file upload.txt (compact mmCIF, C-alpha atoms)
# COMPACT_ATOMS: atom_id res chain seq x y z
CA MET A 961 95.68 87.17 65.60
CA PRO A 962 98.16 88.91 67.94
CA PRO A 963 97.44 88.89 71.67
CA GLU A 964 95.58 91.90 73.02
CA PHE A 965 97.62 94.19 75.21
CA PRO A 966 96.24 96.30 78.04
CA ASP A 967 95.74 99.99 77.24
CA PHE A 968 98.42 102.45 78.23
CA ARG A 969 97.70 104.69 81.20
CA LEU A 970 98.79 108.02 79.82
CA GLY A 971 99.05 111.05 82.02
CA THR A 972 100.52 114.48 81.64
CA VAL A 973 103.79 113.59 83.40
CA LEU A 974 106.08 111.44 81.27
CA ALA A 975 108.04 109.77 84.08
CA THR A 976 105.02 108.63 86.08
CA SER A 977 103.20 107.58 82.91
CA PHE A 978 106.24 105.42 82.20
CA THR A 979 106.15 103.80 85.64
CA GLY A 980 102.45 103.14 84.94
CA THR A 981 103.43 100.69 82.22
CA LEU A 982 103.53 98.20 85.10
CA SER A 983 100.49 98.44 87.32
CA GLU A 984 98.89 96.52 90.16
CA ARG A 985 102.33 96.06 91.67
CA HIS A 986 100.82 94.65 94.88
CA GLY A 987 98.16 92.52 93.18
CA ASP A 988 98.01 90.75 89.84
CA LEU A 989 100.73 92.55 87.85
CA VAL A 990 99.66 94.17 84.59
CA GLU A 991 102.61 94.62 82.21
CA ARG A 992 101.79 97.12 79.49
CA ILE A 993 105.13 96.84 77.65
CA PRO A 994 105.58 93.06 77.44
CA THR A 995 107.34 93.18 74.07
CA PRO A 996 109.87 95.44 72.37
CA ARG A 997 107.20 96.49 69.85
CA ARG A 998 104.92 97.58 72.68
CA LEU A 999 107.68 99.80 74.10
CA VAL A 1000 108.05 101.39 70.65
CA ASP A 1001 104.28 102.02 70.70
CA TRP A 1002 104.42 103.63 74.17
CA LEU A 1003 107.32 105.85 73.15
CA ALA A 1004 105.45 106.93 70.01
CA VAL A 1005 102.27 107.94 71.88
CA SER A 1006 104.50 109.77 74.36
CA GLY A 1007 106.08 111.88 71.63
CA LEU A 1008 109.37 109.97 71.57
CA ALA A 1009 109.07 107.86 68.43
CA VAL A 1010 111.88 105.45 67.59
CA ASP A 1011 112.02 102.93 64.76
CA SER A 1012 112.83 99.77 66.64
CA CYS A 1013 113.62 98.15 69.95
CA THR A 1014 115.51 95.02 70.90
CA ASP A 1015 114.90 92.67 73.81
CA ALA A 1016 118.00 94.11 75.50
CA GLN A 1017 116.67 97.67 75.14
CA LEU A 1018 113.33 96.56 76.58
CA GLU A 1019 115.17 95.22 79.64
CA LEU A 1020 117.03 98.53 79.97
CA ALA A 1021 113.70 100.35 79.80
CA ARG A 1022 112.28 98.16 82.54
CA GLU A 1023 115.35 98.79 84.68
CA LEU A 1024 114.82 102.54 84.30
CA ARG A 1025 111.10 102.19 84.97
CA GLU A 1026 111.68 100.32 88.23
CA SER A 1027 114.38 102.78 89.29
CA ILE A 1028 112.05 105.72 88.69
CA HIS A 1029 109.30 103.93 90.60
CA ALA A 1030 111.62 103.24 93.56
CA ALA A 1031 112.89 106.82 93.69
CA ALA A 1032 109.43 108.37 93.20
CA THR A 1033 107.97 106.12 95.90
CA ALA A 1034 110.72 107.14 98.32
CA ALA A 1035 110.17 110.81 97.49
CA ALA A 1036 106.40 110.46 97.95
CA ILE A 1037 106.83 109.13 101.49
CA ASP A 1038 109.70 111.49 102.33
CA ASP A 1039 112.19 108.64 102.58
CA ALA A 1040 115.82 108.62 101.45
CA LEU A 1041 116.19 108.03 97.72
CA PRO A 1042 117.68 104.60 97.00
CA ALA A 1043 121.23 105.14 95.72
CA PRO A 1044 121.09 102.37 93.06
CA ALA A 1045 117.89 103.85 91.61
CA VAL A 1046 119.38 107.34 91.57
CA GLN A 1047 122.45 106.03 89.75
CA VAL A 1048 120.35 104.32 87.06
CA ILE A 1049 118.23 107.45 86.52
CA ASN A 1050 121.33 109.68 86.31
CA ASP A 1051 123.09 107.30 83.92
CA PHE A 1052 120.12 107.22 81.56
CA SER A 1053 119.71 110.98 81.69
CA ALA A 1054 123.39 111.52 80.89
CA GLN A 1055 123.46 109.19 77.89
CA GLY A 1056 120.29 110.43 76.16
CA ARG A 1057 120.57 112.57 73.05
CA ALA A 1058 117.46 114.65 72.52
CA VAL A 1059 116.76 118.31 71.98
CA ALA A 1060 114.13 120.34 73.78
CA ILE A 1061 112.15 122.55 71.42
CA LEU A 1062 109.56 125.24 72.09
CA THR A 1063 106.24 124.90 70.28
CA PRO A 1064 104.31 127.93 68.96
CA GLU A 1065 101.90 127.32 71.88
CA GLY A 1066 104.73 127.88 74.34
CA GLU A 1067 105.11 124.24 75.35
CA ARG A 1068 108.28 122.17 75.52
CA GLN A 1069 108.55 119.09 73.33
CA TRP A 1070 111.42 116.72 72.86
CA ARG A 1071 112.84 116.06 69.44
CA LEU A 1072 114.78 112.94 68.64
CA ASN A 1073 116.72 112.84 65.40
CA SER A 1074 116.24 110.22 62.70
CA THR A 1075 118.99 108.01 64.11
CA SER A 1076 117.76 108.14 67.70
CA ARG A 1077 117.64 104.95 69.67
CA VAL A 1078 115.51 103.73 72.55
CA GLU A 1079 118.25 104.88 74.93
CA ASP A 1080 117.85 108.47 73.69
CA ALA A 1081 114.12 108.38 74.38
CA LEU A 1082 114.74 106.83 77.80
CA GLY A 1083 117.16 109.69 78.52
CA VAL A 1084 114.22 112.09 78.13
CA VAL A 1085 112.13 109.97 80.52
CA ALA A 1086 114.98 109.95 83.04
CA ALA A 1087 115.42 113.73 82.78
CA GLY A 1088 111.70 114.12 83.42
CA ALA A 1089 111.97 111.89 86.47
CA ILE A 1090 114.79 114.02 87.82
CA SER A 1091 112.66 117.11 87.36
CA ILE A 1092 109.70 115.80 89.38
CA ILE A 1093 111.71 114.01 92.06
CA ALA A 1094 113.88 117.08 92.60
CA GLY A 1095 110.78 119.24 93.01
CA ALA A 1096 111.45 121.36 89.94
CA ARG A 1097 107.79 121.13 88.85
CA HIS A 1098 104.70 122.41 90.63
CA GLY A 1099 102.96 119.49 92.26
CA ARG A 1100 103.88 116.66 94.56
CA LEU A 1101 104.62 112.99 94.24
CA ALA A 1102 102.01 110.77 95.86
CA LEU A 1103 101.15 107.08 95.99
CA CYS A 1104 97.86 105.65 94.77
CA ALA A 1105 95.52 104.82 97.66
CA SER A 1106 94.59 101.49 96.08
CA PRO A 1107 96.26 98.77 98.17
CA THR A 1108 96.92 96.64 95.07
CA CYS A 1109 98.30 99.49 92.97
CA ARG A 1110 100.36 101.93 95.06
CA ALA A 1111 101.63 103.58 91.86
CA ALA A 1112 103.59 106.79 92.18
CA PHE A 1113 101.85 109.68 90.48
CA PHE A 1114 102.42 113.41 90.22
CA ASP A 1115 99.58 115.32 91.88
CA THR A 1116 99.03 118.72 90.30
CA SER A 1117 95.54 119.21 91.74
CA ARG A 1118 94.97 122.56 93.39
CA SER A 1119 94.76 121.08 96.91
CA ARG A 1120 97.42 118.38 96.29
CA THR A 1121 95.11 115.79 97.87
CA ARG A 1122 94.42 113.49 94.93
CA LYS A 1123 94.16 109.86 96.10
CA TRP A 1124 94.23 107.75 92.95
CA CYS A 1125 96.74 107.37 90.14
CA ASP A 1126 93.80 107.06 87.76
CA MET A 1127 90.21 107.76 88.75
CA ASN A 1128 88.88 105.60 85.89
CA THR A 1129 90.60 102.48 87.16
CA CYS A 1130 91.83 102.54 90.74
CA GLY A 1131 89.42 105.20 91.96
CA ASN A 1132 86.34 103.56 90.46
CA ARG A 1133 87.41 100.12 91.67
CA GLN A 1134 87.81 101.41 95.23
CA LYS A 1135 84.52 103.32 95.13
CA LYS A 1136 82.69 100.25 93.80
CA ALA A 1137 84.21 98.06 96.52
CA ARG A 1138 83.16 100.55 99.18
CA PHE A 1139 79.63 100.74 97.71
CA HIS A 1140 79.26 96.95 97.66
CA ALA A 1141 80.58 96.68 101.23
CA ASN A 1142 78.03 99.27 102.36
CA GLN A 1143 75.27 97.39 100.50
CA ARG A 1144 76.21 94.13 102.26
CA LYS A 1145 76.35 95.94 105.59
CA SER A 1146 72.90 97.47 104.99
CA SER A 1147 71.52 94.05 103.98
CA ARG A 1148 72.83 92.44 107.17
CA SER A 1149 71.44 95.31 109.27
CA ALA A 1150 68.02 95.05 107.62
CA GLY A 1151 68.04 91.26 108.12
CA SER A 1152 68.73 91.54 111.84
CA ASP A 1153 65.84 93.99 112.50
call {"tool": "encode", "arguments": {"input": "upload.txt", "output": "structure tokens"}}
result
Amino acid sequence: MPPEFPDFRLGTVLATSFTGTLSERHGDLVERIPTPRRLVDWLAVSGLAVDSCTDAQLELARELRESIHAAATAAAIDDALPAPAVQVINDFSAQGRAVAILTPEGERQWRLNSTSRVEDALGVVAAGAISIIAGARHGRLALCASPTCRAAFFDTSRSRTRKWCDMNTCGNRQKKARFHANQRKSSRSAGSD
């Protein structure tokens, strides 16, 4: 029986969903693409299906992921973008071969051809990262308020004040911790009366 992998955290923004394949960066790391096959799975659910992936391509993907995370984090805190990360993102964007198509619903999708490789799909991810980091999309980059997560996410909420990368994980965990702390505090207060 193959080992169980953690679920993907899929959002509406490709680049930040990709950086979410490694979570809890300041706690117990959760790697969601530990194998080449798992990267193929993530690309498929993200609309960038490829047939195969090698260990070397997985390492390239992780390099891009960490570069996007570094640049998005810097952008979220209004810091200078790290030059090495920018170079990696630009290189991946330049080497990708994909075509943007318009769906009948008026949405953009990316089409890879039958001979596309992982690098072509990663080029799409890199181009998406450039779009959000450069401010070409409506929203803002922010960092998750969870002290163990601190994932970069793209906030498209009306007020641009979203706190969590994912309400179902980080948000609930923080709310539960706050609830339990308040319960303990109330118990101590009641015991001292």
call {"tool": "closest_atom_pairs", "arguments": {"input": "upload.txt", "of": "stretch 1048-1152 of chain A", "to": "stretch 996-1015 of chain A", "cutoff": "9 Å", "atoms": "all atoms listed in the file", "output": "tab-separated table"}}
result
residue	atom	partner	partner_atom	distance
A:Gln1069	CA	A:Gly1007	CA	7.8
A:Trp1070	CA	A:Leu1008	CA	7.2
A:Arg1071	CA	A:Leu1008	CA	7.3
A:Leu1072	CA	A:Leu1008	CA	6.8
A:Ser1074	CA	A:Val1010	CA	8.1
A:Thr1075	CA	A:Val1010	CA	8.3
A:Ser1076	CA	A:Val1010	CA	6.5
A:Arg1077	CA	A:Val1010	CA	6.1
A:Val1078	CA	A:Val1010	CA	6.4
A:Asp1080	CA	A:Leu1008	CA	8.9
A:Ala1081	CA	A:Leu1008	CA	5.7
A:Leu1082	CA	A:Leu1008	CA	8.8
A:Val1084	CA	A:Leu1008	CA	8.4
call {"tool": "residues_around", "arguments": {"input": "upload.txt", "residues": "stretch 1022-1027 of chain A", "least_positions_apart": "2", "cutoff": "9 Å", "atoms": "only C-alpha atoms", "output": "list in words"}}
result
Ala975, Thr976, Phe978, Thr979, Gly980, Thr981, Leu982, Ile993, Gln1017, Leu1018, Glu1019, Leu1020, His1029, Ala1030, Ala1031, Ala1032, Pro1042, Pro1044, Ala1045, Val1046, Gln1047, Val1048, Ile1049, Phe1052, Leu1082, Val1085 and Ala1086 of chain A
call {"tool": "atom_distance", "arguments": {"input": "upload.txt", "atom1": "atom CA of A:Ser1106", "atom2": "atom CA of A:Arg1120"}}
result
17.1 Å
call {"tool": "atom_distance", "arguments": {"input": "upload.txt", "atom1": "atom CA of A:Ala1058", "atom2": "atom CA of A:Ala1087"}}
result
10.5 Å
call {"tool": "closest_residue", "arguments": {"input": "upload.txt", "among": "A:Gly987, A:Ala1089, A:Gly1083, A:Pro994", "to": "A:Gly1056", "atoms": "all atoms listed in the file"}}
result
A:Gly1083
call {"tool": "closest_residue", "arguments": {"input": "upload.txt", "among": "A:Cys1125, A:Leu970, A:Leu1101, A:Ala1054", "to": "A:Ile1037", "atoms": "only C-alpha atoms"}}
result
A:Leu1101
call {"tool": "closest_residue", "arguments": {"input": "upload.txt", "among": "A:Arg1144, A:Arg1057, A:Leu989, A:Arg1100", "to": "A:Ser1119", "atoms": "all atoms listed in the file"}}
result
A:Arg1100
call {"tool": "atom_distance", "arguments": {"input": "upload.txt", "atom1": "atom CA of A:Ala1111", "atom2": "atom CA of A:Ala1016"}}
result
25.0 Å
call {"tool": "closest_residue", "arguments": {"input": "upload.txt", "among": "A:Ala1060, A:Thr995, A:Lys1136, A:Ala1036", "to": "A:Phe1113", "atoms": "all atoms listed in the file"}}
result
A:Ala1036
call {"tool": "closest_residue", "arguments": {"input": "upload.txt", "among": "A:Ala1040, A:Pro1107, A:Arg969, A:Glu964", "to": "A:Asp988", "atoms": "only C-alpha atoms"}}
result
A:Pro1107
call {"tool": "closest_residue", "arguments": {"input": "upload.txt", "among": "A:Ala1021, A:Ile1090, A:Val990, A:Cys1109", "to": "A:Ala1035", "atoms": "all atoms listed in the file"}}
result
A:Ile1090
call {"tool": "residues_around", "arguments": {"input": "upload.txt", "residues": "A:Trp1124", "least_positions_apart": "6", "cutoff": "9 Å", "atoms": "all atoms listed in the file", "output": "MDAnalysis selection string"}}
result
chainID A and resid 1102:1106 1110:1111 1113 1130:1131
call {"tool": "write_last_selection", "arguments": {"input": "upload.txt", "atoms": "C-alpha atoms", "output": "PDB file, in the coordinates of the input"}}
result
ATOM      1  CA  ALA A1102     102.010 110.770  95.860  1.00  0.00           C
ATOM      2  CA  LEU A1103     101.150 107.080  95.990  1.00  0.00           C
ATOM      3  CA  CYS A1104      97.860 105.650  94.770  1.00  0.00           C
ATOM      4  CA  ALA A1105      95.520 104.820  97.660  1.00  0.00           C
ATOM      5  CA  SER A1106      94.590 101.490  96.080  1.00  0.00           C
ATOM      6  CA  ARG A1110     100.360 101.930  95.060  1.00  0.00           C
ATOM      7  CA  ALA A1111     101.630 103.580  91.860  1.00  0.00           C
ATOM      8  CA  PHE A1113     101.850 109.680  90.480  1.00  0.00           C
ATOM      9  CA  CYS A1130      91.830 102.540  90.740  1.00  0.00           C
ATOM     10  CA  GLY A1131      89.420 105.200  91.960  1.00  0.00           C
TER      11      GLY A1131
END
